[in-house]
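Inspection log for the structure reproduced underneath, given as structure tokens.
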Amino acid sequence: MYDYEDLFPDIKTDGRGRTVCREHNLEECHICCMSFREMNQEIEANPSERNVGIFVPEEDLLDWHRKMKESLPQVFRPKHRLFGKDGKQHPYGTLLLEHFDDDPNQRAACKVVGSRWVNQDMEYRGGSFYADGREPYYVVLMGGELTQMEIVDVHGKYGMKSHGTNNGSVNDRLDSLARNNIKKFARCGGDETYYFCDLND
């Protein structure tokens with residue numbers, strides 16, 4: 001597999017895993033005549049290993065929720081809480097279970113490994129249905145694959161129930177990957193919109 005930074009020395013990958021111009025750190029740079037916006041949007045549509053261990057700060061999630069309550073009060077009632085009875089965002093390693101028809105033998109299980117914003121282009125009354133044109137998702141490991149689940153649904157009345165974090169561990173490979181992602185973000189100076197899971201060294 002080729003490393004794009006070796007093939008094209010005038011581009012790089014920023015702290016969020018996006019391709020940008022090296023000189024100006026922009027995904028759409030008119031000075032360098034480069035645009036990577038569509039490519040980045042396609043890459044960002046689904047979670048990947050670079051999302052493991054990285055979480056959106058709760059203050060940003062709560063600010064998004066406040067805006068949703070203002071723009072869609074018929075959906076997000078005044079007493080609606082983003083994190084429901086959980087009270088906060090699920091940390092890395094949280095086991096989520098859902099039983100079908102109250103049968104403990106029929107269940108879906110996954111583990112939380114991060115959270116992320118997903119751009120949404122759904123329009124409503126001349127504007128974006130979602131505050132700031134985006135929606136927060138948990139990145140989860142389910143059936144050995146990385147996928148994502150809407151944070152609003154996970155914490156909702158009929159969402160999956162939390163069953164602890166197993167000491168903040170998922171498996172050796174993803175735990176190591178999370179640590180590496182955290183270190184990579186630190187080297188890049190981090191990103192104001194993200195924080196990192198607390199994994200022991």
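Residue numbering restarts at 1 for every chain of the structure tokens, chains are lettered A, B, ... in their displayed order, and ligands are numbered from 1 as they appear.
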
When you look at region 135-138 of chain A with a cut-off of 10 Å (counting only C-alpha atoms), what residues show up, excluding the ones that are within fewer than 5 positions of it in the same chain? I need them as a PDB file with N, CA, C and O atoms, in the first residue's frame.
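Output contents, as saved in around_39.pdb:
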```pdb
ATOM      1  N   PRO A  47     -16.857   5.024   9.891  1.00  0.00           N
ATOM      2  CA  PRO A  47     -15.764   5.041  10.871  1.00  0.00           C
ATOM      3  C   PRO A  47     -14.609   4.167  10.414  1.00  0.00           C
ATOM      4  O   PRO A  47     -14.794   3.208   9.659  1.00  0.00           O
ATOM      5  N   ASN A  51     -10.468   6.484  14.114  1.00  0.00           N
ATOM      6  CA  ASN A  51     -11.432   7.011  15.083  1.00  0.00           C
ATOM      7  C   ASN A  51     -11.359   6.323  16.434  1.00  0.00           C
ATOM      8  O   ASN A  51     -11.988   6.776  17.395  1.00  0.00           O
ATOM      9  N   PHE A  55     -12.667  10.841  21.121  1.00  0.00           N
ATOM     10  CA  PHE A  55     -14.042  11.177  21.477  1.00  0.00           C
ATOM     11  C   PHE A  55     -14.301  12.675  21.298  1.00  0.00           C
ATOM     12  O   PHE A  55     -13.418  13.490  21.533  1.00  0.00           O
ATOM     13  N   VAL A  56     -15.521  13.011  20.890  1.00  0.00           N
ATOM     14  CA  VAL A  56     -15.951  14.408  20.832  1.00  0.00           C
ATOM     15  C   VAL A  56     -16.156  14.891  22.267  1.00  0.00           C
ATOM     16  O   VAL A  56     -16.739  14.173  23.082  1.00  0.00           O
ATOM     17  N   ASP A  60     -19.184  20.028  23.522  1.00  0.00           N
ATOM     18  CA  ASP A  60     -19.602  20.215  22.132  1.00  0.00           C
ATOM     19  C   ASP A  60     -20.886  19.444  21.844  1.00  0.00           C
ATOM     20  O   ASP A  60     -21.759  19.925  21.109  1.00  0.00           O
ATOM     21  N   LEU A  61     -21.002  18.260  22.407  1.00  0.00           N
ATOM     22  CA  LEU A  61     -22.218  17.469  22.223  1.00  0.00           C
ATOM     23  C   LEU A  61     -23.416  18.164  22.867  1.00  0.00           C
ATOM     24  O   LEU A  61     -24.509  18.212  22.288  1.00  0.00           O
ATOM     25  N   TRP A  64     -24.504  21.109  20.774  1.00  0.00           N
ATOM     26  CA  TRP A  64     -25.282  20.633  19.630  1.00  0.00           C
ATOM     27  C   TRP A  64     -26.704  20.285  20.063  1.00  0.00           C
ATOM     28  O   TRP A  64     -27.682  20.641  19.388  1.00  0.00           O
ATOM     29  N   HIS A  65     -26.843  19.611  21.201  1.00  0.00           N
ATOM     30  CA  HIS A  65     -28.149  19.209  21.707  1.00  0.00           C
ATOM     31  C   HIS A  65     -29.013  20.428  22.027  1.00  0.00           C
ATOM     32  O   HIS A  65     -30.214  20.455  21.740  1.00  0.00           O
ATOM     33  N   GLN A  89     -21.412  10.882  28.421  1.00  0.00           N
ATOM     34  CA  GLN A  89     -21.006  10.082  27.270  1.00  0.00           C
ATOM     35  C   GLN A  89     -20.378   8.771  27.742  1.00  0.00           C
ATOM     36  O   GLN A  89     -19.646   8.741  28.725  1.00  0.00           O
ATOM     37  N   HIS A  90     -20.671   7.687  27.048  1.00  0.00           N
ATOM     38  CA  HIS A  90     -20.066   6.410  27.396  1.00  0.00           C
ATOM     39  C   HIS A  90     -18.565   6.462  27.129  1.00  0.00           C
ATOM     40  O   HIS A  90     -18.142   6.876  26.044  1.00  0.00           O
ATOM     41  N   LYS A 111     -19.097  -2.785  21.731  1.00  0.00           N
ATOM     42  CA  LYS A 111     -18.281  -2.014  22.668  1.00  0.00           C
ATOM     43  C   LYS A 111     -17.960  -0.656  22.068  1.00  0.00           C
ATOM     44  O   LYS A 111     -17.590  -0.542  20.889  1.00  0.00           O
ATOM     45  N   VAL A 112     -18.080   0.372  22.887  1.00  0.00           N
ATOM     46  CA  VAL A 112     -17.786   1.740  22.463  1.00  0.00           C
ATOM     47  C   VAL A 112     -16.273   1.926  22.368  1.00  0.00           C
ATOM     48  O   VAL A 112     -15.539   1.594  23.303  1.00  0.00           O
ATOM     49  N   VAL A 113     -15.815   2.467  21.233  1.00  0.00           N
ATOM     50  CA  VAL A 113     -14.373   2.717  21.077  1.00  0.00           C
ATOM     51  C   VAL A 113     -14.076   4.169  20.711  1.00  0.00           C
ATOM     52  O   VAL A 113     -12.920   4.554  20.590  1.00  0.00           O
ATOM     53  N   GLY A 114     -15.112   4.989  20.559  1.00  0.00           N
ATOM     54  CA  GLY A 114     -14.898   6.397  20.238  1.00  0.00           C
ATOM     55  C   GLY A 114     -16.214   7.078  19.932  1.00  0.00           C
ATOM     56  O   GLY A 114     -17.284   6.475  20.015  1.00  0.00           O
ATOM     57  N   SER A 115     -16.148   8.354  19.595  1.00  0.00           N
ATOM     58  CA  SER A 115     -17.320   9.069  19.090  1.00  0.00           C
ATOM     59  C   SER A 115     -16.846  10.079  18.055  1.00  0.00           C
ATOM     60  O   SER A 115     -15.681  10.478  18.048  1.00  0.00           O
ATOM     61  N   ARG A 116     -17.758  10.466  17.169  1.00  0.00           N
ATOM     62  CA  ARG A 116     -17.362  11.322  16.047  1.00  0.00           C
ATOM     63  C   ARG A 116     -18.559  12.090  15.506  1.00  0.00           C
ATOM     64  O   ARG A 116     -19.716  11.736  15.768  1.00  0.00           O
ATOM     65  N   TRP A 117     -18.263  13.142  14.780  1.00  0.00           N
ATOM     66  CA  TRP A 117     -19.306  13.863  14.052  1.00  0.00           C
ATOM     67  C   TRP A 117     -19.454  13.254  12.664  1.00  0.00           C
ATOM     68  O   TRP A 117     -18.456  12.895  12.035  1.00  0.00           O
ATOM     69  N   VAL A 118     -20.680  13.181  12.193  1.00  0.00           N
ATOM     70  CA  VAL A 118     -20.958  12.753  10.822  1.00  0.00           C
ATOM     71  C   VAL A 118     -21.752  13.861  10.146  1.00  0.00           C
ATOM     72  O   VAL A 118     -22.792  14.295  10.659  1.00  0.00           O
ATOM     73  N   ASN A 119     -21.244  14.355   9.024  1.00  0.00           N
ATOM     74  CA  ASN A 119     -21.938  15.406   8.289  1.00  0.00           C
ATOM     75  C   ASN A 119     -23.252  14.875   7.732  1.00  0.00           C
ATOM     76  O   ASN A 119     -23.307  13.778   7.180  1.00  0.00           O
ATOM     77  N   GLN A 120     -24.304  15.677   7.877  1.00  0.00           N
ATOM     78  CA  GLN A 120     -25.627  15.310   7.376  1.00  0.00           C
ATOM     79  C   GLN A 120     -26.145  16.432   6.497  1.00  0.00           C
ATOM     80  O   GLN A 120     -26.076  17.603   6.871  1.00  0.00           O
ATOM     81  N   PHE A 129     -31.530  20.057   8.678  1.00  0.00           N
ATOM     82  CA  PHE A 129     -32.318  19.441   9.736  1.00  0.00           C
ATOM     83  C   PHE A 129     -31.505  19.332  11.017  1.00  0.00           C
ATOM     84  O   PHE A 129     -32.028  19.466  12.121  1.00  0.00           O
ATOM     85  N   TYR A 130     -30.191  19.103  10.869  1.00  0.00           N
ATOM     86  CA  TYR A 130     -29.307  18.915  12.015  1.00  0.00           C
ATOM     87  C   TYR A 130     -28.542  20.194  12.325  1.00  0.00           C
ATOM     88  O   TYR A 130     -28.082  20.888  11.415  1.00  0.00           O
ATOM     89  N   THR A 147     -18.338  -0.038  13.371  1.00  0.00           N
ATOM     90  CA  THR A 147     -19.524   0.577  12.808  1.00  0.00           C
ATOM     91  C   THR A 147     -19.877   1.767  13.693  1.00  0.00           C
ATOM     92  O   THR A 147     -19.093   2.151  14.570  1.00  0.00           O
ATOM     93  N   GLN A 148     -21.041   2.356  13.496  1.00  0.00           N
ATOM     94  CA  GLN A 148     -21.400   3.525  14.291  1.00  0.00           C
ATOM     95  C   GLN A 148     -22.882   3.524  14.623  1.00  0.00           C
ATOM     96  O   GLN A 148     -23.694   2.923  13.921  1.00  0.00           O
ATOM     97  N   MET A 149     -23.204   4.216  15.724  1.00  0.00           N
ATOM     98  CA  MET A 149     -24.584   4.290  16.203  1.00  0.00           C
ATOM     99  C   MET A 149     -24.851   5.704  16.678  1.00  0.00           C
ATOM    100  O   MET A 149     -23.992   6.330  17.309  1.00  0.00           O
ATOM    101  N   GLU A 150     -26.035   6.220  16.385  1.00  0.00           N
ATOM    102  CA  GLU A 150     -26.380   7.584  16.793  1.00  0.00           C
ATOM    103  C   GLU A 150     -26.381   7.701  18.314  1.00  0.00           C
ATOM    104  O   GLU A 150     -27.021   6.909  19.011  1.00  0.00           O
ATOM    105  N   ILE A 151     -25.690   8.693  18.822  1.00  0.00           N
ATOM    106  CA  ILE A 151     -25.612   8.886  20.267  1.00  0.00           C
ATOM    107  C   ILE A 151     -26.999   9.128  20.855  1.00  0.00           C
ATOM    108  O   ILE A 151     -27.332   8.620  21.933  1.00  0.00           O
ATOM    109  N   VAL A 152     -27.839   9.889  20.150  1.00  0.00           N
ATOM    110  CA  VAL A 152     -29.196  10.159  20.646  1.00  0.00           C
ATOM    111  C   VAL A 152     -29.958   8.854  20.843  1.00  0.00           C
ATOM    112  O   VAL A 152     -30.659   8.671  21.853  1.00  0.00           O
ATOM    113  N   ASP A 153     -29.836   7.926  19.901  1.00  0.00           N
ATOM    114  CA  ASP A 153     -30.557   6.655  19.992  1.00  0.00           C
ATOM    115  C   ASP A 153     -29.985   5.755  21.095  1.00  0.00           C
ATOM    116  O   ASP A 153     -30.740   5.087  21.810  1.00  0.00           O
ATOM    117  N   VAL A 154     -28.666   5.715  21.209  1.00  0.00           N
ATOM    118  CA  VAL A 154     -28.040   4.838  22.207  1.00  0.00           C
ATOM    119  C   VAL A 154     -28.507   5.194  23.619  1.00  0.00           C
ATOM    120  O   VAL A 154     -28.772   4.309  24.437  1.00  0.00           O
TER     121      VAL A 154
END
```

Report task. Using only C-alpha atoms, find the one residue out of A:Glu70, A:Glu49, A:Pro78, A:Glu98 that sits nearest to Lys157 (chain A). Result ->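 Counting only C-alpha atoms, the residue closest to Lys157 (chain A) is A:Glu98.
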
Report task. Would you kindly return, as a ChimeraX atom specification, each protein, DNA or RNA residue with an atom no farther than 10 Å from any atom of Gly53 (chain A), considering only C-alpha atoms and excluding same-chain residues fewer than 2 positions away? Result -> /A:49-51,55,91-93,112-115,139,174-182,195-199

Query raised in the report: At what distance in Å, to one decimal, does CA of Gly168 (chain A) lie from CA of Ala108 (chain A)?
Result: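 For CA of Ala108 (chain A) relative to CA of Gly168 (chain A), the distance reads 20.0 Å.
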
Query raised in the report: Could you state the separation of CA of Ser48 (chain A) and CA of Ala109 (chain A) in Å, given to one decimal place?
Result: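 So the two atoms, CA of Ser48 (chain A) and CA of Ala109 (chain A), lie 19.1 Å apart.
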
To test your reading of the structure, identify every residue in region 89-177 of chain A that backbone DSSP assigns to strand (DSSP E), and report it as a JSON list (two decimals) with N, CA and C atoms, in the first residue's frame.
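Wrote part-v1.json, looks like this:
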```json
[["chain", "number", "residue", "atom", "x", "y", "z"],
["A", 95, "LEU", "N", -19.46, -1.70, 27.37],
["A", 95, "LEU", "CA", -20.22, -2.78, 26.73],
["A", 95, "LEU", "C", -21.68, -2.38, 26.67],
["A", 96, "LEU", "N", -22.26, -2.43, 25.47],
["A", 96, "LEU", "CA", -23.67, -2.12, 25.28],
["A", 96, "LEU", "C", -24.40, -3.38, 24.85],
["A", 97, "LEU", "N", -25.54, -3.63, 25.50],
["A", 97, "LEU", "CA", -26.34, -4.82, 25.18],
["A", 97, "LEU", "C", -27.78, -4.42, 24.90],
["A", 98, "GLU", "N", -28.39, -5.17, 24.02],
["A", 98, "GLU", "CA", -29.81, -4.99, 23.73],
["A", 98, "GLU", "C", -30.43, -6.37, 23.56],
["A", 99, "HIS", "N", -31.48, -6.65, 24.34],
["A", 99, "HIS", "CA", -32.17, -7.93, 24.23],
["A", 99, "HIS", "C", -33.42, -7.77, 23.37],
["A", 100, "PHE", "N", -33.69, -8.75, 22.55],
["A", 100, "PHE", "CA", -34.87, -8.72, 21.69],
["A", 100, "PHE", "C", -36.01, -9.50, 22.36],
["A", 103, "ASP", "N", -35.74, -11.43, 25.65],
["A", 103, "ASP", "CA", -35.15, -12.77, 25.69],
["A", 103, "ASP", "C", -33.63, -12.63, 25.82],
["A", 104, "PRO", "N", -33.04, -13.05, 26.96],
["A", 104, "PRO", "CA", -31.59, -12.90, 27.14],
["A", 104, "PRO", "C", -30.76, -13.72, 26.16],
["A", 105, "ASN", "N", -31.39, -14.69, 25.49],
["A", 105, "ASN", "CA", -30.66, -15.49, 24.50],
["A", 105, "ASN", "C", -30.63, -14.83, 23.12],
["A", 106, "GLN", "N", -31.43, -13.79, 22.95],
["A", 106, "GLN", "CA", -31.44, -13.04, 21.70],
["A", 106, "GLN", "C", -30.97, -11.62, 21.99],
["A", 107, "ARG", "N", -29.73, -11.37, 21.67],
["A", 107, "ARG", "CA", -29.20, -10.06, 22.04],
["A", 107, "ARG", "C", -28.19, -9.55, 21.01],
["A", 108, "ALA", "N", -28.02, -8.24, 20.98],
["A", 108, "ALA", "CA", -26.98, -7.60, 20.19],
["A", 108, "ALA", "C", -26.01, -6.96, 21.18],
["A", 109, "ALA", "N", -24.74, -7.09, 20.92],
["A", 109, "ALA", "CA", -23.73, -6.54, 21.82],
["A", 109, "ALA", "C", -22.66, -5.81, 21.02],
["A", 110, "CYS", "N", -22.13, -4.75, 21.62],
["A", 110, "CYS", "CA", -21.03, -4.02, 21.00],
["A", 110, "CYS", "C", -20.27, -3.29, 22.08],
["A", 111, "LYS", "N", -19.10, -2.78, 21.73],
["A", 111, "LYS", "CA", -18.28, -2.01, 22.67],
["A", 111, "LYS", "C", -17.96, -0.66, 22.07],
["A", 112, "VAL", "N", -18.08, 0.37, 22.89],
["A", 112, "VAL", "CA", -17.79, 1.74, 22.46],
["A", 112, "VAL", "C", -16.27, 1.93, 22.37],
["A", 113, "VAL", "N", -15.81, 2.47, 21.23],
["A", 113, "VAL", "CA", -14.37, 2.72, 21.08],
["A", 113, "VAL", "C", -14.08, 4.17, 20.71],
["A", 114, "GLY", "N", -15.11, 4.99, 20.56],
["A", 114, "GLY", "CA", -14.90, 6.40, 20.24],
["A", 114, "GLY", "C", -16.21, 7.08, 19.93],
["A", 115, "SER", "N", -16.15, 8.35, 19.60],
["A", 115, "SER", "CA", -17.32, 9.07, 19.09],
["A", 115, "SER", "C", -16.85, 10.08, 18.05],
["A", 116, "ARG", "N", -17.76, 10.47, 17.17],
["A", 116, "ARG", "CA", -17.36, 11.32, 16.05],
["A", 116, "ARG", "C", -18.56, 12.09, 15.51],
["A", 117, "TRP", "N", -18.26, 13.14, 14.78],
["A", 117, "TRP", "CA", -19.31, 13.86, 14.05],
["A", 117, "TRP", "C", -19.45, 13.25, 12.66],
["A", 118, "VAL", "N", -20.68, 13.18, 12.19],
["A", 118, "VAL", "CA", -20.96, 12.75, 10.82],
["A", 118, "VAL", "C", -21.75, 13.86, 10.15],
["A", 119, "ASN", "N", -21.24, 14.35, 9.02],
["A", 119, "ASN", "CA", -21.94, 15.41, 8.29],
["A", 119, "ASN", "C", -23.25, 14.88, 7.73],
["A", 123, "GLU", "N", -32.22, 18.44, 4.59],
["A", 123, "GLU", "CA", -32.74, 19.80, 4.72],
["A", 123, "GLU", "C", -34.13, 19.80, 5.33],
["A", 124, "TYR", "N", -34.43, 20.90, 6.05],
["A", 124, "TYR", "CA", -35.72, 21.04, 6.71],
["A", 124, "TYR", "C", -36.06, 22.52, 6.76],
["A", 127, "GLY", "N", -33.31, 24.89, 5.62],
["A", 127, "GLY", "CA", -32.00, 24.79, 6.27],
["A", 127, "GLY", "C", -31.69, 23.34, 6.62],
["A", 128, "SER", "N", -30.58, 23.14, 7.27],
["A", 128, "SER", "CA", -30.20, 21.79, 7.66],
["A", 128, "SER", "C", -31.09, 21.29, 8.79],
["A", 134, "ARG", "N", -24.59, 18.47, 11.15],
["A", 134, "ARG", "CA", -23.90, 17.25, 11.56],
["A", 134, "ARG", "C", -24.62, 16.59, 12.73],
["A", 135, "GLU", "N", -24.28, 15.33, 12.97],
["A", 135, "GLU", "CA", -24.91, 14.54, 14.02],
["A", 135, "GLU", "C", -23.84, 13.69, 14.71],
["A", 136, "PRO", "N", -23.92, 13.56, 16.04],
["A", 136, "PRO", "CA", -22.90, 12.78, 16.75],
["A", 136, "PRO", "C", -23.21, 11.29, 16.78],
["A", 137, "TYR", "N", -22.17, 10.49, 16.59],
["A", 137, "TYR", "CA", -22.28, 9.03, 16.59],
["A", 137, "TYR", "C", -21.23, 8.43, 17.51],
["A", 138, "TYR", "N", -21.58, 7.29, 18.10],
["A", 138, "TYR", "CA", -20.56, 6.46, 18.75],
["A", 138, "TYR", "C", -19.92, 5.58, 17.68],
["A", 139, "VAL", "N", -18.62, 5.41, 17.79],
["A", 139, "VAL", "CA", -17.92, 4.39, 17.00],
["A", 139, "VAL", "C", -17.88, 3.15, 17.87],
["A", 140, "VAL", "N", -18.37, 2.04, 17.35],
["A", 140, "VAL", "CA", -18.48, 0.82, 18.16],
["A", 140, "VAL", "C", -17.89, -0.37, 17.42],
["A", 141, "LEU", "N", -17.47, -1.35, 18.19],
["A", 141, "LEU", "CA", -17.00, -2.62, 17.65],
["A", 141, "LEU", "C", -18.12, -3.63, 17.82],
["A", 142, "MET", "N", -18.65, -4.11, 16.70],
["A", 142, "MET", "CA", -19.75, -5.06, 16.74],
["A", 142, "MET", "C", -19.45, -6.21, 15.78],
["A", 145, "GLU", "N", -16.31, -5.89, 13.66],
["A", 145, "GLU", "CA", -16.21, -4.81, 12.69],
["A", 145, "GLU", "C", -16.51, -3.48, 13.34],
["A", 146, "LEU", "N", -15.86, -2.42, 12.85],
["A", 146, "LEU", "CA", -16.16, -1.07, 13.32],
["A", 146, "LEU", "C", -17.39, -0.55, 12.61],
["A", 147, "THR", "N", -18.34, -0.04, 13.37],
["A", 147, "THR", "CA", -19.52, 0.58, 12.81],
["A", 147, "THR", "C", -19.88, 1.77, 13.69],
["A", 148, "GLN", "N", -21.04, 2.36, 13.50],
["A", 148, "GLN", "CA", -21.40, 3.52, 14.29],
["A", 148, "GLN", "C", -22.88, 3.52, 14.62],
["A", 149, "MET", "N", -23.20, 4.22, 15.72],
["A", 149, "MET", "CA", -24.58, 4.29, 16.20],
["A", 149, "MET", "C", -24.85, 5.70, 16.68],
["A", 150, "GLU", "N", -26.03, 6.22, 16.39],
["A", 150, "GLU", "CA", -26.38, 7.58, 16.79],
["A", 150, "GLU", "C", -26.38, 7.70, 18.31],
["A", 161, "LYS", "N", -28.36, -0.82, 26.56],
["A", 161, "LYS", "CA", -28.04, -0.56, 27.97],
["A", 161, "LYS", "C", -26.55, -0.79, 28.23],
["A", 162, "SER", "N", -26.00, 0.08, 29.06],
["A", 162, "SER", "CA", -24.58, -0.02, 29.41],
["A", 162, "SER", "C", -24.37, -1.09, 30.46]]
```

Query raised in the report: What gap, in Å, lies between CA of Met160 (chain A) and CA of Leu82 (chain A)?
Result: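 One can read the CA of Met160 (chain A) to CA of Leu82 (chain A) distance as 14.2 Å.
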
**Report entry** Members of region 39-179 of chain A assigned helix (DSSP H, G or I) by DSSP, as number ranges by chain
**Finding:** A: 39-44, 49-51, 58-71, 84-86, 131-133, 151-154, 166-168, 172-179

Next, dump the selected residues to file, keeping only C-alpha atoms, as a PDB file, in the first residue's frame.
```
ATOM      1  CA  MET A  39     -12.431  12.657  -0.987  1.00  0.00           C
ATOM      2  CA  ASN A  40     -12.406  13.513   2.718  1.00  0.00           C
ATOM      3  CA  GLN A  41     -16.198  13.475   2.900  1.00  0.00           C
ATOM      4  CA  GLU A  42     -16.271  10.015   1.352  1.00  0.00           C
ATOM      5  CA  ILE A  43     -13.620   8.780   3.786  1.00  0.00           C
ATOM      6  CA  GLU A  44     -15.401  10.346   6.759  1.00  0.00           C
ATOM      7  CA  GLU A  49      -9.386   2.705  12.782  1.00  0.00           C
ATOM      8  CA  ARG A  50      -8.248   6.317  13.039  1.00  0.00           C
ATOM      9  CA  ASN A  51     -11.432   7.011  15.083  1.00  0.00           C
ATOM     10  CA  GLU A  58     -19.133  16.509  25.952  1.00  0.00           C
ATOM     11  CA  GLU A  59     -19.433  20.302  25.942  1.00  0.00           C
ATOM     12  CA  ASP A  60     -19.602  20.215  22.132  1.00  0.00           C
ATOM     13  CA  LEU A  61     -22.218  17.469  22.223  1.00  0.00           C
ATOM     14  CA  LEU A  62     -24.307  19.372  24.754  1.00  0.00           C
ATOM     15  CA  ASP A  63     -24.041  22.567  22.684  1.00  0.00           C
ATOM     16  CA  TRP A  64     -25.282  20.633  19.630  1.00  0.00           C
ATOM     17  CA  HIS A  65     -28.149  19.209  21.707  1.00  0.00           C
ATOM     18  CA  ARG A  66     -29.124  22.693  22.908  1.00  0.00           C
ATOM     19  CA  LYS A  67     -29.311  23.913  19.308  1.00  0.00           C
ATOM     20  CA  MET A  68     -31.430  20.909  18.329  1.00  0.00           C
ATOM     21  CA  LYS A  69     -33.885  21.658  21.144  1.00  0.00           C
ATOM     22  CA  GLU A  70     -34.195  25.212  19.867  1.00  0.00           C
ATOM     23  CA  SER A  71     -34.677  24.277  16.204  1.00  0.00           C
ATOM     24  CA  GLY A  84     -30.607  10.083  29.176  1.00  0.00           C
ATOM     25  CA  LYS A  85     -30.281   8.306  32.506  1.00  0.00           C
ATOM     26  CA  ASP A  86     -26.582   7.662  31.824  1.00  0.00           C
ATOM     27  CA  ALA A 131     -27.624  21.663  14.019  1.00  0.00           C
ATOM     28  CA  ASP A 132     -24.420  22.744  12.258  1.00  0.00           C
ATOM     29  CA  GLY A 133     -25.209  20.177   9.537  1.00  0.00           C
ATOM     30  CA  ILE A 151     -25.612   8.886  20.267  1.00  0.00           C
ATOM     31  CA  VAL A 152     -29.196  10.159  20.646  1.00  0.00           C
ATOM     32  CA  ASP A 153     -30.557   6.655  19.992  1.00  0.00           C
ATOM     33  CA  VAL A 154     -28.040   4.838  22.207  1.00  0.00           C
ATOM     34  CA  ASN A 166     -14.200  -3.934  31.646  1.00  0.00           C
ATOM     35  CA  ASN A 167     -11.503  -1.654  33.093  1.00  0.00           C
ATOM     36  CA  GLY A 168     -11.471   0.463  29.949  1.00  0.00           C
ATOM     37  CA  ASP A 172      -5.223  -5.823  22.852  1.00  0.00           C
ATOM     38  CA  ARG A 173      -5.196  -4.700  19.217  1.00  0.00           C
ATOM     39  CA  LEU A 174      -7.706  -1.863  19.579  1.00  0.00           C
ATOM     40  CA  ASP A 175      -6.297  -0.770  22.947  1.00  0.00           C
ATOM     41  CA  SER A 176      -2.874  -0.430  21.314  1.00  0.00           C
ATOM     42  CA  LEU A 177      -4.414   1.335  18.308  1.00  0.00           C
ATOM     43  CA  ALA A 178      -6.195   3.809  20.600  1.00  0.00           C
ATOM     44  CA  ARG A 179      -2.943   4.657  22.370  1.00  0.00           C
TER      45      ARG A 179
END
```
